file run31.cif (mmCIF, C-alpha atoms)
data_upload
loop_
_atom_site.group_PDB
_atom_site.id
_atom_site.type_symbol
_atom_site.label_atom_id
_atom_site.label_comp_id
_atom_site.auth_asym_id
_atom_site.auth_seq_id
_atom_site.Cartn_x
_atom_site.Cartn_y
_atom_site.Cartn_z
ATOM 1 C CA MET A 1 -41.962 26.821 -30.173
ATOM 2 C CA SER A 2 -43.150 23.449 -31.262
ATOM 3 C CA GLY A 3 -43.501 20.519 -28.877
ATOM 4 C CA ALA A 4 -41.350 18.185 -31.032
ATOM 5 C CA PRO A 5 -37.833 17.426 -29.807
ATOM 6 C CA THR A 6 -35.275 19.443 -31.675
ATOM 7 C CA GLU A 7 -32.087 18.286 -30.002
ATOM 8 C CA HIS A 8 -29.746 15.969 -31.881
ATOM 9 C CA GLY A 9 -29.623 13.091 -29.338
ATOM 10 C CA ALA A 10 -33.331 12.867 -28.500
ATOM 11 C CA GLY A 11 -33.936 9.829 -30.736
ATOM 12 C CA TRP A 12 -31.174 7.617 -29.357
ATOM 13 C CA GLU A 13 -31.967 8.734 -25.803
ATOM 14 C CA ARG A 14 -35.493 7.402 -26.180
ATOM 15 C CA TRP A 15 -34.162 4.071 -27.476
ATOM 16 C CA PHE A 16 -31.679 3.902 -24.607
ATOM 17 C CA VAL A 17 -34.367 4.561 -21.974
ATOM 18 C CA ALA A 18 -36.743 2.082 -23.631
ATOM 19 C CA GLY A 19 -33.982 -0.553 -23.740
ATOM 20 C CA LEU A 20 -33.048 0.018 -20.113
ATOM 21 C CA ALA A 21 -36.700 -0.182 -19.040
ATOM 22 C CA SER A 22 -37.155 -3.434 -20.963
ATOM 23 C CA LEU A 23 -34.051 -4.902 -19.283
ATOM 24 C CA LEU A 24 -35.499 -3.993 -15.893
ATOM 25 C CA VAL A 25 -38.690 -5.858 -16.807
ATOM 26 C CA VAL A 26 -37.047 -8.923 -18.432
ATOM 27 C CA VAL A 27 -33.883 -9.588 -16.384
ATOM 28 C CA PRO A 28 -35.250 -9.925 -12.788
ATOM 29 C CA PRO A 29 -37.549 -12.888 -13.534
ATOM 30 C CA ILE A 30 -34.727 -14.684 -15.369
ATOM 31 C CA VAL A 31 -31.835 -13.917 -12.984
ATOM 32 C CA ARG A 32 -33.160 -14.426 -9.490
ATOM 33 C CA GLU A 33 -29.979 -13.297 -7.775
ATOM 34 C CA LEU A 34 -27.500 -10.707 -8.916
ATOM 35 C CA TYR A 35 -25.146 -10.304 -5.962
ATOM 36 C CA PRO A 36 -24.590 -7.764 -4.387
ATOM 37 C CA PHE A 37 -27.655 -5.941 -5.681
ATOM 38 C CA SER A 38 -30.319 -8.485 -4.838
ATOM 39 C CA LEU A 39 -28.820 -10.144 -1.769
ATOM 40 C CA PRO A 40 -26.600 -8.082 0.518
ATOM 41 C CA SER A 41 -24.637 -10.732 2.377
ATOM 42 C CA MET A 42 -24.686 -8.934 5.701
ATOM 43 C CA PHE A 43 -28.448 -9.530 5.901
ATOM 44 C CA SER A 44 -28.776 -12.745 3.907
ATOM 45 C CA ARG A 45 -28.311 -15.262 6.702
ATOM 46 C CA ALA A 46 -29.743 -14.709 10.159
ATOM 47 C CA ILE A 47 -27.359 -15.889 12.853
ATOM 48 C CA ALA A 48 -29.018 -17.541 15.839
ATOM 49 C CA ARG A 49 -25.805 -18.311 17.739
ATOM 50 C CA LEU A 50 -22.312 -16.944 17.394
ATOM 51 C CA ALA A 51 -19.160 -18.562 18.735
ATOM 52 C CA HIS A 52 -16.273 -16.285 19.661
ATOM 53 C CA TYR A 53 -12.816 -17.768 20.148
ATOM 54 C CA GLU A 54 -9.739 -16.542 21.994
ATOM 55 C CA ALA A 55 -6.426 -18.370 22.080
ATOM 56 C CA ARG A 56 -3.515 -17.714 24.426
ATOM 57 C CA ASP A 57 -0.096 -19.266 24.868
ATOM 58 C CA PRO A 58 1.145 -20.462 28.301
ATOM 59 C CA ARG A 59 2.433 -16.937 29.103
ATOM 60 C CA GLY A 60 -1.004 -15.436 28.380
ATOM 61 C CA ALA A 61 -0.069 -13.787 25.078
ATOM 62 C CA PRO A 62 -2.724 -13.998 22.338
ATOM 63 C CA VAL A 63 -2.201 -16.450 19.491
ATOM 64 C CA PRO A 64 -3.663 -15.511 16.069
ATOM 65 C CA LEU A 65 -6.778 -17.539 15.322
ATOM 66 C CA GLU A 66 -5.865 -17.851 11.631
ATOM 67 C CA ARG A 67 -2.791 -19.857 12.516
ATOM 68 C CA LEU A 68 -4.844 -22.185 14.717
ATOM 69 C CA ARG A 69 -7.629 -22.707 12.150
ATOM 70 C CA LEU A 70 -10.239 -21.051 14.371
ATOM 71 C CA HIS A 71 -10.821 -17.909 12.325
ATOM 72 C CA VAL A 72 -14.093 -17.000 10.634
ATOM 73 C CA PRO A 73 -13.455 -17.298 6.908
ATOM 74 C CA GLU A 74 -14.940 -14.282 5.105
ATOM 75 C CA TRP A 75 -17.875 -13.094 7.191
ATOM 76 C CA HIS A 76 -19.455 -11.250 4.269
ATOM 77 C CA ASP A 77 -18.826 -13.707 1.467
ATOM 78 C CA PRO A 78 -21.710 -14.016 -0.945
ATOM 79 C CA PRO A 79 -23.775 -17.189 -0.861
ATOM 80 C CA VAL A 80 -22.157 -20.306 -2.260
ATOM 81 C CA GLN A 81 -24.468 -20.505 -5.271
ATOM 82 C CA THR A 82 -24.558 -17.301 -7.296
ATOM 83 C CA LEU A 83 -25.689 -17.369 -10.922
ATOM 84 C CA GLY A 84 -24.929 -21.088 -10.964
ATOM 85 C CA ARG A 85 -21.323 -20.663 -9.847
ATOM 86 C CA ASP A 86 -19.665 -21.934 -6.693
ATOM 87 C CA GLY A 87 -18.676 -18.796 -4.817
ATOM 88 C CA TYR A 88 -16.370 -16.370 -6.543
ATOM 89 C CA GLY A 89 -13.236 -18.386 -7.107
ATOM 90 C CA ARG A 90 -11.858 -17.840 -3.612
ATOM 91 C CA ARG A 91 -10.668 -20.937 -1.860
ATOM 92 C CA ARG A 92 -11.511 -20.550 1.776
ATOM 93 C CA PRO A 93 -8.783 -21.541 4.219
ATOM 94 C CA ALA A 94 -9.765 -24.470 6.401
ATOM 95 C CA SER A 95 -11.280 -23.527 9.740
ATOM 96 C CA ALA A 96 -13.211 -25.279 12.479
ATOM 97 C CA HIS A 97 -15.166 -22.055 12.948
ATOM 98 C CA VAL A 98 -18.126 -21.549 10.636
ATOM 99 C CA LEU A 99 -20.174 -18.395 11.016
ATOM 100 C CA GLY A 100 -23.456 -19.155 12.768
ATOM 101 C CA GLU A 101 -22.397 -22.630 13.898
ATOM 102 C CA VAL A 102 -20.753 -23.778 17.109
ATOM 103 C CA ALA A 103 -17.885 -26.238 16.755
ATOM 104 C CA SER A 104 -17.748 -29.120 19.208
ATOM 105 C CA ALA A 105 -14.862 -29.574 21.617
ATOM 106 C CA ALA A 106 -13.558 -32.447 19.468
ATOM 107 C CA GLU A 107 -13.587 -30.279 16.308
ATOM 108 C CA VAL A 108 -11.758 -27.450 18.067
ATOM 109 C CA ARG A 109 -9.152 -29.810 19.528
ATOM 110 C CA ARG A 110 -8.601 -31.521 16.165
ATOM 111 C CA ALA A 111 -8.135 -28.222 14.286
ATOM 112 C CA VAL A 112 -5.812 -26.677 16.862
ATOM 113 C CA ARG A 113 -3.737 -29.831 17.313
ATOM 114 C CA TRP A 114 -3.340 -30.106 13.525
ATOM 115 C CA ALA A 115 -2.079 -26.514 13.407
ATOM 116 C CA LEU A 116 0.278 -26.986 16.381
ATOM 117 C CA ARG A 117 1.830 -30.093 14.846
ATOM 118 C CA ARG A 118 2.415 -28.479 11.453
ATOM 119 C CA ASP A 119 3.691 -25.095 12.588
ATOM 120 C CA PRO A 120 6.778 -25.330 14.836
ATOM 121 C CA THR A 121 6.694 -21.568 15.460
ATOM 122 C CA LEU A 122 3.471 -21.931 17.452
ATOM 123 C CA PRO A 123 3.713 -22.632 21.200
ATOM 124 C CA ALA A 124 3.618 -26.256 22.357
ATOM 125 C CA ALA A 125 0.302 -25.623 24.129
ATOM 126 C CA VAL A 126 -2.502 -23.092 23.784
ATOM 127 C CA THR A 127 -5.569 -22.361 25.866
ATOM 128 C CA VAL A 128 -8.659 -21.836 23.726
ATOM 129 C CA THR A 129 -11.769 -20.147 25.095
ATOM 130 C CA GLN A 130 -15.047 -20.584 23.233
ATOM 131 C CA THR A 131 -17.834 -18.161 24.132
ATOM 132 C CA VAL A 132 -21.224 -18.864 22.552
ATOM 133 C CA MET A 133 -23.593 -15.907 22.314
ATOM 134 C CA GLY A 134 -27.231 -15.912 21.287
ATOM 135 C CA ARG A 135 -30.666 -14.521 22.065
ATOM 136 C CA GLY A 136 -32.028 -15.084 25.540
ATOM 137 C CA ASP A 137 -35.668 -15.629 26.478
ATOM 138 C CA ASP A 138 -36.282 -11.875 26.473
ATOM 139 C CA GLY A 139 -34.632 -11.434 23.064
ATOM 140 C CA ALA A 140 -31.503 -9.759 24.456
ATOM 141 C CA LEU A 141 -28.039 -10.955 23.477
ATOM 142 C CA THR A 142 -26.635 -13.210 26.184
ATOM 143 C CA VAL A 143 -23.712 -15.548 26.739
ATOM 144 C CA GLN A 144 -25.175 -19.032 26.388
ATOM 145 C CA SER A 145 -22.066 -21.008 27.229
ATOM 146 C CA ARG A 146 -18.353 -20.672 27.804
ATOM 147 C CA ALA A 147 -15.786 -23.458 27.540
ATOM 148 C CA GLU A 148 -12.019 -23.495 27.881
ATOM 149 C CA TRP A 149 -9.571 -26.129 26.702
ATOM 150 C CA THR A 150 -5.803 -26.421 26.974
ATOM 151 C CA ILE A 151 -4.585 -28.170 23.855
ATOM 152 C CA THR A 152 -1.035 -29.422 23.462
ATOM 153 C CA ARG A 153 0.921 -30.451 20.411
ATOM 154 C CA GLU A 154 1.503 -34.024 21.601
ATOM 155 C CA GLU A 155 -1.816 -35.098 23.150
#

call {"tool": "encode", "arguments": {"input": "run31.cif", "output": "structure tokens"}}
result
Amino acid sequence: MSGAPTEHGAGWERWFVAGLASLLVVVPPIVRELYPFSLPSMFSRAIARLAHYEARDPRGAPVPLERLRLHVPEWHDPPVQTLGRDGYGRRRPASAHVLGEVASAAEVRRAVRWALRRDPTLPAAVTVTQTVMGRGDDGALTVQSRAEWTITREE
């Protein structure tokens, strides 16, 4: 047997492999980010503090955070700038809660009061609890602060 390739597709296979190899050499320096391959969003942004919200009506029943504008919009969204575009065409719903940031009492009150005034199916008052978690001195996850506000529609 001779060492030369005798199969029909050997020529185009070599061109395909050479083309693919050249793309792997040329594309990465030009395109710095190719989400999700180059920047998995779950590891892209380190979170130092995390705010967790709970909302309850006067009877103690939970109220959905989305309706009160306290939800976390898309935890695993890709970064805002990707290949020169702004996001991926999704319009994020307004929320006072931004992942990795802690909203002030005034921001929480403003967002919840806005929602209560515009949605008559929501209760007239809700109690919102904000728990802020982060790393303690020893590196363990701890509760750094806890605040509770009762917010009414007509304050």

call {"tool": "closest_residue", "arguments": {"input": "run31.cif", "among": "A:Ser22, A:Ala147, A:Leu141, A:Ala115", "to": "Pro64 of chain A", "atoms": "only C-alpha atoms"}}
result
A:Ala115

call {"tool": "atom_distance", "arguments": {"input": "run31.cif", "atom1": "atom CA of Pro62 of chain A", "atom2": "atom CA of Arg110 of chain A"}}
result
19.5 Å

call {"tool": "closest_residue", "arguments": {"input": "run31.cif", "among": "A:Thr152, A:Leu116, A:Ser95, A:Arg146", "to": "Gln130 of chain A", "atoms": "all atoms listed in the file"}}
result
A:Arg146

call {"tool": "resolve_selection", "arguments": {"input": "run31.cif", "expression": "the PyMOL selection byres ((chain A and resi 154) around 12)", "output": "list in words"}}
result
Arg109, Arg110, Val112, Arg113, Trp114, Ala115, Leu116, Arg117, Arg118, Pro123, Ala124, Ala125, Val126, Thr150, Ile151, Thr152, Arg153 and Glu155 of chain A

call {"tool": "atom_distance", "arguments": {"input": "run31.cif", "atom1": "atom CA of Leu68 of chain A", "atom2": "atom CA of Val102 of chain A"}}
result
16.2 Å

call {"tool": "atom_distance", "arguments": {"input": "run31.cif", "atom1": "atom CA of Ala94 of chain A", "atom2": "atom CA of Gly60 of chain A"}}
result
25.3 Å

call {"tool": "residues_around", "arguments": {"input": "run31.cif", "residues": "Ala96 of chain A", "least_positions_apart": "3", "cutoff": "9 Å", "atoms": "all atoms listed in the file", "output": "number ranges by chain"}}
result
A: 69-72, 102-104, 107-108, 110-112

call {"tool": "closest_residue", "arguments": {"input": "run31.cif", "among": "A:Arg49, A:Arg14, A:Arg56, A:Arg67", "to": "Arg135 of chain A", "atoms": "all atoms listed in the file"}}
result
A:Arg49

call {"tool": "resolve_selection", "arguments": {"input": "run31.cif", "expression": "the PyMOL selection byres ((chain A and resi 48) around 8)", "output": "PyMOL selection string"}}
result
chain A and resi 46-47+49-50+100+134-135

call {"tool": "write_last_selection", "arguments": {"input": "run31.cif", "atoms": "C-alpha atoms", "output": "PDB file, keeping the file's coordinate frame"}}
result
ATOM      1  CA  ALA A  46     -29.743 -14.709  10.159  1.00  0.00           C
ATOM      2  CA  ILE A  47     -27.359 -15.889  12.853  1.00  0.00           C
ATOM      3  CA  ARG A  49     -25.805 -18.311  17.739  1.00  0.00           C
ATOM      4  CA  LEU A  50     -22.312 -16.944  17.394  1.00  0.00           C
ATOM      5  CA  GLY A 100     -23.456 -19.155  12.768  1.00  0.00           C
ATOM      6  CA  GLY A 134     -27.231 -15.912  21.287  1.00  0.00           C
ATOM      7  CA  ARG A 135     -30.666 -14.521  22.065  1.00  0.00           C
TER       8      ARG A 135
END
